[in-house]
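Chemist: Have a look at this one before I ask anything.
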Amino acid sequence: MKRVFSTLLALGITVALPAQVPLWDLGKDKIPEELNHGATRGADGAVSVGGDSYFGVPASAFPDQKNFTVQVTVSFPQPAEDTSLNVLLKQRADGEDTGLGLTCIYGKAESWRVYRPILNGMHIGGIRTKFQPNTPYTFTVAVRDGSAAYYLDDVPGSKHFTLLLPNDEPMWVGKKLLPRERPFAAASISALKVYGPDFAYKSAKEKPSAEPRGAIAGKSWMIDAPTVTDPKRPKILFYGDSISGGYRSHLLPALEGKVYAYHWVGFVGGIDPKVDAVIRQGAAAADFQCVFFNNGLHSLSWTEEKATDQQIADTTRAIVRGFKTGAPRARLFWIATTPHTARRTEPGKPVDTLGDKNPVVLRINRIAEGVMKEEGVEVIDMYTPFAARLELAAGDEYHWSSPAYKMISDAIVDRTQAVLNLKRDEK
């Protein structure tokens, strides 16, 4: 068959190839009765969800759990503020630890009109959009070799090279929300298609990666890793939560072709003096020359009532010891936790005050800095410059704007160039 097509093309004859057939199509396939919880189909074929109404796409639509593409078109009426809808959510019955999904949020502040990817049960960052009422938006989630990429109306949103854990459950539309999140009163799903591994989604607006990346995973840890083609090129590791996801977009291009940068999206949210075992395993994923790490904003529960200074010091020291043991040749750098800020009060108005949880940040930084001094770890202070530039805050209490993230990236690049004797770029 391929030879016939090639011959016709050589003769200048246009060949119309058949369109890819989805494994499941909301427009043609019936929602299984056991997966329908109040969702209704209108005369135009669209399915309404919201509030307590939701439905599921059967697990049989995902025969290859590491390679599939989901495209869903959704529109909202004028939503109430501080409402959310899980447009897609694939989770196990016993929890969200292997969930993949997508949540739309309409908040009071302009910065919270976003959609947030979900990977292995954890919301990762937020991608801004305007969410105009009664306007169709098409979201695409393309999973390739276990790593997910998100798109809105064909515009690339974010790529996450964390390996998805196996999940043979249905994919829900409109199901579980995070605590304190209010559901959208209604949403209209006009199209939803699931494609298998032979469907290669391409966005015309997506730039091809110069250096493909993949994932290294172990028990309780996963690292986004570059494809190594030059064994002599040095390797660095940067570890952190969504803040690291923010400066990643500046850091990877700045180091491309010079250093292989590995990204470990992780954090220690609770007191755990034995966390060094997991840190040690991940830190041994490659022969790192530098390790940059931070653990802070996910630990805002470390108040004086819930955690003593000694407990915080012991957990922080365990993180350091894990990196030291797992990456014995690496130079370690601790990035001080960035401030907790007040929420933006009005759209477009800059943040000008610190948040009510910032004393916890100051306490964590004070204790952690003492541990770093005892352990011989260099401190990169990103708290002080950020506290002096609150106008760079994103307005959601935790995250920052692109110029702020570039400040962190520049600090890491400077340390990397100094330690590895790399040629410095002119700024």
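Here, A, B, ... name the chains of the structure tokens in the order displayed, residue numbers run from 1 inside each chain, and ligands are numbered from 1 in the same displayed order.
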Show me a table, sorted first by chain and then by increasing residue number, of the residues of region 286-372 of chain A having an atom at most 8 Å from region 271-275 of chain A, each with its shortest atom pair and the distance in Å to one decimal, counting only C-alpha atoms and written as CSV.

Modeler:
```
residue,atom,partner,partner_atom,distance
A:Ala307,CA,A:Ile271,CA,7.4
A:Gln311,CA,A:Ile271,CA,6.6
A:Ile312,CA,A:Ile271,CA,6.8
A:Asp314,CA,A:Pro273,CA,5.5
A:Thr315,CA,A:Pro273,CA,4.3
A:Thr316,CA,A:Pro273,CA,7.8
A:Arg317,CA,A:Pro273,CA,7.8
A:Ala318,CA,A:Pro273,CA,5.6
A:Ile319,CA,A:Val275,CA,6.5
A:Gly322,CA,A:Val275,CA,7.6
```

Chemist: Residues at most 8 Å from Leu300 (chain A), counting only C-alpha atoms, excluding those fewer than 4 positions away in the same chain, as a ChimeraX atom specification?

Modeler: /A:296,357,360-361

Chemist: Which region 151-249 of chain A residues have any atom within 12 Å of an atom of region 38-49 of chain A, and for each, what is the nearest pair of atoms with distance in Å to one decimal, counting only C-alpha atoms, rows sorted by chain and number, as CSV?

Modeler:
```
residue,atom,partner,partner_atom,distance
A:Trp172,CA,A:Val49,CA,10.7
A:Val173,CA,A:Val49,CA,7.6
A:Gly174,CA,A:Val49,CA,6.2
A:Lys175,CA,A:Val49,CA,9.2
A:Pro183,CA,A:Val49,CA,10.0
A:Phe184,CA,A:Val49,CA,8.7
A:Ala185,CA,A:Val49,CA,8.2
A:Ala186,CA,A:Val49,CA,5.6
A:Ala187,CA,A:Val49,CA,5.4
A:Ser188,CA,A:Ser48,CA,4.6
A:Ile189,CA,A:Val47,CA,5.1
A:Ser190,CA,A:Ala46,CA,4.3
A:Ala191,CA,A:Ala46,CA,7.1
A:Leu192,CA,A:Ala46,CA,9.8
```

Chemist: For the residues in that selection, give me C-alpha atoms as a compact mmCIF listing (two decimals), in the first residue's frame.

Modeler:
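Result file result.txt:
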```txt
# COMPACT_ATOMS: atom_id res chain seq x y z
CA TRP A 172 -13.89 11.52 34.40
CA VAL A 173 -15.30 14.82 33.22
CA GLY A 174 -16.53 17.01 36.07
CA LYS A 175 -15.65 14.85 39.05
CA PRO A 183 -17.73 23.53 41.12
CA PHE A 184 -18.89 25.33 38.01
CA ALA A 185 -22.68 25.42 37.95
CA ALA A 186 -22.63 24.12 34.37
CA ALA A 187 -20.34 23.42 31.46
CA SER A 188 -21.05 22.14 27.97
CA ILE A 189 -18.85 19.43 26.44
CA SER A 190 -19.41 19.60 22.69
CA ALA A 191 -16.64 17.19 21.70
CA LEU A 192 -14.38 14.65 23.37
```

Chemist: Please provide as a CSV table (one decimal) with C-alpha atoms, in the first residue's frame all residues within 9 Å of Val141 (chain A), with the sequence filter that same-chain residues fewer than 5 positions apart are discarded (counting only C-alpha atoms).

Modeler:
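Full text of result.csv as output:
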```csv
chain,number,residue,atom,x,y,z
A,68,PHE,CA,-2.7,8.4,24.1
A,69,THR,CA,-4.2,11.8,23.2
A,70,VAL,CA,-7.4,13.3,24.6
A,71,GLN,CA,-9.1,16.3,23.0
A,72,VAL,CA,-12.1,18.0,24.6
A,101,GLY,CA,-6.1,15.6,34.5
A,102,LEU,CA,-6.9,19.2,33.8
A,148,ALA,CA,2.3,14.7,29.1
A,149,ALA,CA,2.0,17.9,27.1
A,150,TYR,CA,-0.9,20.3,27.4
A,151,TYR,CA,-2.4,22.6,24.7
```

Chemist: Pull the closest atom pair for each residue of region 311-399 of chain A that gets at most 10 Å from region 237-258 of chain A, along with the distance in Å to one decimal, counting only C-alpha atoms, ordering rows by chain and then ascending residue number, as JSON lines.

Modeler:
```
{"residue": "A:Ala327", "atom": "CA", "partner": "A:Leu237", "partner_atom": "CA", "distance": 9.7}
{"residue": "A:Ala330", "atom": "CA", "partner": "A:Leu237", "partner_atom": "CA", "distance": 9.3}
{"residue": "A:Leu332", "atom": "CA", "partner": "A:Leu237", "partner_atom": "CA", "distance": 9.7}
{"residue": "A:Phe333", "atom": "CA", "partner": "A:Phe238", "partner_atom": "CA", "distance": 9.4}
{"residue": "A:Trp334", "atom": "CA", "partner": "A:Tyr239", "partner_atom": "CA", "distance": 9.7}
{"residue": "A:Ile335", "atom": "CA", "partner": "A:Gly240", "partner_atom": "CA", "distance": 9.3}
{"residue": "A:Thr337", "atom": "CA", "partner": "A:Ile243", "partner_atom": "CA", "distance": 9.5}
{"residue": "A:Thr338", "atom": "CA", "partner": "A:Ile243", "partner_atom": "CA", "distance": 8.7}
{"residue": "A:Tyr398", "atom": "CA", "partner": "A:Ile243", "partner_atom": "CA", "distance": 8.4}
{"residue": "A:His399", "atom": "CA", "partner": "A:Ile243", "partner_atom": "CA", "distance": 6.6}
```

Chemist: Could you write those residues out with N, CA and C atoms, as a tab-separated table (two decimals), in the first residue's frame?

Modeler:
```tsv
chain	number	residue	atom	x	y	z
A	327	ALA	N	24.81	12.01	45.37
A	327	ALA	CA	25.64	12.71	44.38
A	327	ALA	C	26.92	13.19	45.05
A	330	ALA	N	28.99	16.14	43.62
A	330	ALA	CA	28.31	17.38	43.27
A	330	ALA	C	28.58	18.49	44.28
A	332	LEU	N	26.83	21.38	46.14
A	332	LEU	CA	25.44	21.60	46.52
A	332	LEU	C	25.14	23.09	46.74
A	333	PHE	N	23.95	23.51	46.27
A	333	PHE	CA	23.48	24.87	46.46
A	333	PHE	C	22.04	24.82	46.95
A	334	TRP	N	21.78	25.51	48.04
A	334	TRP	CA	20.41	25.60	48.55
A	334	TRP	C	19.83	26.95	48.17
A	335	ILE	N	18.65	26.94	47.54
A	335	ILE	CA	17.97	28.17	47.13
A	335	ILE	C	16.97	28.54	48.22
A	337	THR	N	13.91	29.85	50.30
A	337	THR	CA	12.49	29.88	49.95
A	337	THR	C	12.03	31.30	49.66
A	338	THR	N	11.29	31.44	48.58
A	338	THR	CA	10.79	32.75	48.17
A	338	THR	C	9.63	33.18	49.08
A	398	TYR	N	1.81	32.58	46.03
A	398	TYR	CA	2.94	31.66	46.00
A	398	TYR	C	3.87	31.85	44.80
A	399	HIS	N	3.32	32.16	43.65
A	399	HIS	CA	4.11	32.13	42.42
A	399	HIS	C	4.53	33.53	41.98
```

Chemist: Please indicate the distance in Å from CA of Asn421 (chain A) to CA of Asp224 (chain A), rounded to one decimal place.

Modeler: 24.8 Å

Chemist: Pull the strand (DSSP E) assignments for region 274-376 of chain A out of DSSP run on the backbone, and list those residues as a CSV table (one decimal) with N, CA and C atoms, in the first residue's frame.

Modeler:
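Okay, states.csv is ready:
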```csv
chain,number,residue,atom,x,y,z
A,290,CYS,N,26.7,19.5,39.9
A,290,CYS,CA,26.1,20.5,40.7
A,290,CYS,C,24.7,20.1,41.0
A,291,VAL,N,24.2,20.4,42.2
A,291,VAL,CA,22.8,20.2,42.6
A,291,VAL,C,22.3,21.4,43.2
A,292,PHE,N,21.1,21.9,42.7
A,292,PHE,CA,20.5,23.1,43.2
A,292,PHE,C,19.1,22.6,43.8
A,293,PHE,N,18.8,22.9,45.0
A,293,PHE,CA,17.6,22.4,45.6
A,293,PHE,C,16.9,23.4,46.5
A,331,ARG,N,28.6,19.7,43.8
A,331,ARG,CA,28.7,20.9,44.6
A,331,ARG,C,27.2,21.2,44.9
A,332,LEU,N,26.8,21.4,46.1
A,332,LEU,CA,25.4,21.6,46.5
A,332,LEU,C,25.1,23.1,46.7
A,333,PHE,N,23.9,23.5,46.3
A,333,PHE,CA,23.5,24.9,46.5
A,333,PHE,C,22.0,24.8,47.0
A,334,TRP,N,21.8,25.5,48.0
A,334,TRP,CA,20.4,25.6,48.6
A,334,TRP,C,19.8,26.9,48.2
A,335,ILE,N,18.6,26.9,47.5
A,335,ILE,CA,18.0,28.2,47.1
A,335,ILE,C,17.0,28.5,48.2
```

Chemist: What does the structure give for the distance between CA of Asp64 (chain A) and CA of Glu33 (chain A), in Å to one decimal?

Modeler: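 Pair CA of Asp64 (chain A) / CA of Glu33 (chain A) returns 23.8 Å.
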
Chemist: Can you pull out every residue from region 69-313 of chain A that DSSP, working from the backbone, puts in alpha helix (DSSP H), and format the result as an MDAnalysis selection string?

Modeler: chainID A and resid 242:255 276:283 309:313

Chemist: Smallest atom-to-atom distance to Leu85 (chain A): which of A:Asp230, A:Glu181, A:Glu34, A:Glu346, using only C-alpha atoms?

Modeler: A:Glu181

Chemist: For a test of reading the model, state the distance in Å between CA of Ser147 (chain A) and CA of Pro212 (chain A), rounded to one decimal.

Modeler: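 The value is 11.9 Å.
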
Chemist: Can you tell me which residues surround region 122-131 of chain A at a distance of at most 6 Å, considering only C-alpha atoms, apart from same-chain residues fewer than 5 positions away, and format the answer as a ChimeraX atom specification?

Modeler: /A:113-117,242

Chemist: Find the spatial neighbours of Ser301 (chain A), counting only C-alpha atoms, within a cut-off of 9 Å - ignore same-chain residues fewer than 2 positions away - and output them as a PyMOL selection string.

Modeler: chain A and resi 269-270+297-299+303+306-307+360

Chemist: Let me make sure I understand: among A:Asn36, A:Asn67, A:Thr416, A:Ser53, which one has the smallest atom-to-atom distance to Asp198 (chain A) if we use only C-alpha atoms?

Modeler: A:Asn67

Chemist: Which is closer to Ala284 (chain A) than all the others in A:Lys108, A:Ala217, A:Lys202, A:Leu152, using only C-alpha atoms?

Modeler: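 Closest to Ala284 (chain A), using only C-alpha atoms: A:Ala217.
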
Chemist: Skipping near chain neighbours, those fewer than 4 positions away, what residues fall within 10 Å of Gly282 (chain A) using only C-alpha atoms, listed as a PyMOL selection string?

Modeler: chain A and resi 216-223+237+264+276-278+286+322-323+326-327
